[in-house]
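What follows is a short report on a single structure.
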Amino acid sequence: MGFCYLFPAVRGKQAYRDYYIAMVPLKLLSRLFIQDESYILPEFRAQRKLNEARIPEIKQYILDNRNTYVFSALSASIDGEYKYIPSETSEDVGTLEVPMESVFLLNDGQHRKAAIDAAIAEDATLGEETISIVFFNDCGLERSQQMFTDLNKHAVKTSNSLATLYDSRDPLAMATKSIIDSVEFFRMFTDKEKDILGKNSSNLFTLNNMYTANYKIMRKKDISIADEEFMLTFWRNAANNIVEWDELIHRAISKTDLRENYIITLAIVLKSLGKLGAFFYDNPQSDMVKVLKGLRQVDWRRNNRRNWENRTLRTDGRVMNSEEAALLTCNKIKQLLGIALNPEESAKERHLVRRQDDEQ
């Protein structure tokens with residue numbers, strides 16, 4: 001063989017075939033994987049089309065977390081002759097010798113690779129670091145397509161709640177977890193792992209519901225200690241003044257009754273309360289603690305059609321989950337609390353009235 005790449009590698013076996021795990025410098029990725037398959041019809045390539053929109057986010061993740069970023073292994077096939085040379089100490093630890101004219105095909109990790117290339121363009125020191133690549137022998141297009149399918153079909157996306165639970169970089173996520181632990185109602189009835197709760201779940205909200213509601217308050221993720229204290233005060237006072245939540249804590253009402261007959265367990269209502277919190281955040285002169293006591297007088301029953309129909313619930317009783325529904329639900333809560341609507345909110349109210357008139 002002529003000029004070759006020499007990769008320190010570990011040899012393994014799957015489905016009676018040898019494969020190799022090598023540590024490859026990041027700066028070498030752009031040289032190994034240079035072919036562009038995006039213009040080829042999907043049936044004649046072994047990868048999805050590169051989604052350019054994903055690259056800046058992944059690149060920024062690397063640059064923003066220069067000392068803590070982490071990537072799993074890439075998977076690639078080698079089209080060409082190569083040679084594995086065992087070391088003197090082990091048959092399965094050695095060197096993978098691959099001619100430079102060989103073609104390397106990424107089976108999994110093209111977006112990571114593209115983002116790494118982009119990050120190196122801004123921070124050249126990244127080039128000296130390494131990523132593990134699992135190398136397979138290229139057995140043709142059909143086999144490569146099947147490998148792509150096998151590598152991706154069984155992947156299960158982590159729930160947003162679990163991702164938030166484990167995220168120690170996002171200040172809003174950290175604050176949300178702290179608030180849940182500090183407010184009795186949320187501590188008792190928030191699921192920190194699932195995104196979707198069954199009708200018989202012992203919980204009412206998810207961590208992701210709370211994170212979304214907090215984002216509605218702050219409209220940013222980079223928050224201060226004062227911001228976190230504000231959110232804690234808001235949620236503590238909201239929880240203390242929603243009668244049905246208090247009754248549930250003291251077992252004066254059942255979760256089944258609450259779910260079936262009230263809207264106050266709906267994620268869209270929690271999001272609407274987040275929008276309400278944004279009003280108090282933007283208007284610190286308002287007496288939030290005093291105003292939130294008005295929540296005790298709100299009729300949250302589903303059959304209170306005058307308040308919630310075409311805002312929170314459709315005319316057939318089904319839940320509405322759009323941003324407009326969250327805004328209209330928040331509008332009604334504001335009105336019930338005696339809070340004046342801003343011009344945008346007032347315009348939405350007029351539009352709602354016209355729509356209801358047209359339907360009659």
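Following the order of the structure tokens, chains are lettered A, B, ..., residues in each are numbered from 1, and ligands are numbered from 1.
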
Just the residues within 9 Å of A:Met231, please, counting only C-alpha atoms, with nothing from its chain fewer than 5 positions along; format it as an mmCIF file with N, CA and C atoms, in the first residue's frame.
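Saved result, around_9.cif, follows:
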data_model
loop_
_atom_site.group_PDB
_atom_site.id
_atom_site.type_symbol
_atom_site.label_atom_id
_atom_site.label_comp_id
_atom_site.auth_asym_id
_atom_site.auth_seq_id
_atom_site.Cartn_x
_atom_site.Cartn_y
_atom_site.Cartn_z
ATOM 1 N N ALA A 175 -33.308 26.430 37.650
ATOM 2 C CA ALA A 175 -34.277 27.166 38.459
ATOM 3 C C ALA A 175 -35.611 26.432 38.524
ATOM 4 N N THR A 176 -36.028 25.873 37.392
ATOM 5 C CA THR A 176 -37.301 25.146 37.358
ATOM 6 C C THR A 176 -37.287 23.968 38.315
ATOM 7 N N ILE A 179 -37.575 25.281 41.856
ATOM 8 C CA ILE A 179 -38.926 25.748 42.171
ATOM 9 C C ILE A 179 -39.850 24.573 42.453
ATOM 10 N N ASN A 214 -42.207 28.482 32.772
ATOM 11 C CA ASN A 214 -41.195 29.425 33.238
ATOM 12 C C ASN A 214 -40.572 30.205 32.088
ATOM 13 N N ILE A 217 -42.643 33.079 31.355
ATOM 14 C CA ILE A 217 -42.423 34.186 32.282
ATOM 15 C C ILE A 217 -41.190 34.985 31.878
ATOM 16 N N MET A 218 -40.070 34.277 31.710
ATOM 17 C CA MET A 218 -38.784 34.951 31.524
ATOM 18 C C MET A 218 -38.491 35.324 30.073
ATOM 19 N N ALA A 226 -32.061 36.787 41.064
ATOM 20 C CA ALA A 226 -33.264 37.583 41.317
ATOM 21 C C ALA A 226 -34.436 37.083 40.474
ATOM 22 N N ARG A 236 -45.313 30.115 44.082
ATOM 23 C CA ARG A 236 -45.754 29.813 45.447
ATOM 24 C C ARG A 236 -47.092 30.492 45.733
ATOM 25 N N GLY A 277 -47.472 35.380 34.774
ATOM 26 C CA GLY A 277 -46.248 35.712 35.502
ATOM 27 C C GLY A 277 -45.407 36.726 34.761
ATOM 28 N N TYR A 281 -43.721 40.224 36.017
ATOM 29 C CA TYR A 281 -42.279 40.431 35.851
ATOM 30 C C TYR A 281 -42.011 41.764 35.152
#

(request) Determine which residues of stretch 204-293 of chain A DSSP labels as helix (DSSP H, G or I) from the backbone of this structure, then write them out as a PyMOL selection string. (result) chain A and resi 207-218+225-241+243-249+255-261+267-282+288-293

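Residues with any atom within 10 Å of A:Asn200, counting only C-alpha atoms and excluding same-chain neighbours fewer than 4 positions away, are Leu204, Lys255, Thr256 and Arg259 of chain A.
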
May I have the residues from that selection written out with N, CA and C atoms, as a PDB file, in the first residue's frame?
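See out_12.pdb below for the written result:
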ATOM      1  N   LEU A 204     -49.764  15.327  37.853  1.00  0.00           N
ATOM      2  CA  LEU A 204     -50.631  16.184  37.055  1.00  0.00           C
ATOM      3  C   LEU A 204     -49.869  16.955  35.987  1.00  0.00           C
ATOM      4  N   LYS A 255     -57.752  13.350  42.327  1.00  0.00           N
ATOM      5  CA  LYS A 255     -57.096  13.696  41.055  1.00  0.00           C
ATOM      6  C   LYS A 255     -58.034  13.415  39.892  1.00  0.00           C
ATOM      7  N   THR A 256     -58.808  12.335  39.982  1.00  0.00           N
ATOM      8  CA  THR A 256     -59.742  11.996  38.909  1.00  0.00           C
ATOM      9  C   THR A 256     -60.774  13.102  38.729  1.00  0.00           C
ATOM     10  N   ARG A 259     -59.083  16.169  37.188  1.00  0.00           N
ATOM     11  CA  ARG A 259     -58.783  16.020  35.762  1.00  0.00           C
ATOM     12  C   ARG A 259     -60.055  16.106  34.916  1.00  0.00           C
TER      13      ARG A 259
END

(request) Could you please determine the separation between atom CA of A:Glu193 and atom CA of A:Arg219 in Å, to one decimal place? (result)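 Atom-to-atom, atom CA of A:Glu193 to atom CA of A:Arg219, that is 23.4 Å.
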
(message) Which residue is closest to A:Ile249? Choose from A:Leu341, A:Met188, A:Leu207, A:Ile225 and count only C-alpha atoms.
(response) A:Met188

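Atom to atom, atom CA of A:Lys199 and atom CA of A:Thr265 stand 11.3 Å apart.
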
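Running DSSP on the backbone and keeping only strand (DSSP E or B), the residues of stretch 87-277 of chain A that qualify are Val93, Gly94, Thr95, Leu96, Glu97, Val98, Pro99, Val103, Phe104, Leu105, Leu106, Asn107, Asp108, Thr130, Ile131, Ser132, Ile133, Val134, Phe135, Phe136, Asn137, Thr190, Asp191, Phe205, Thr206 and Tyr262 of chain A.
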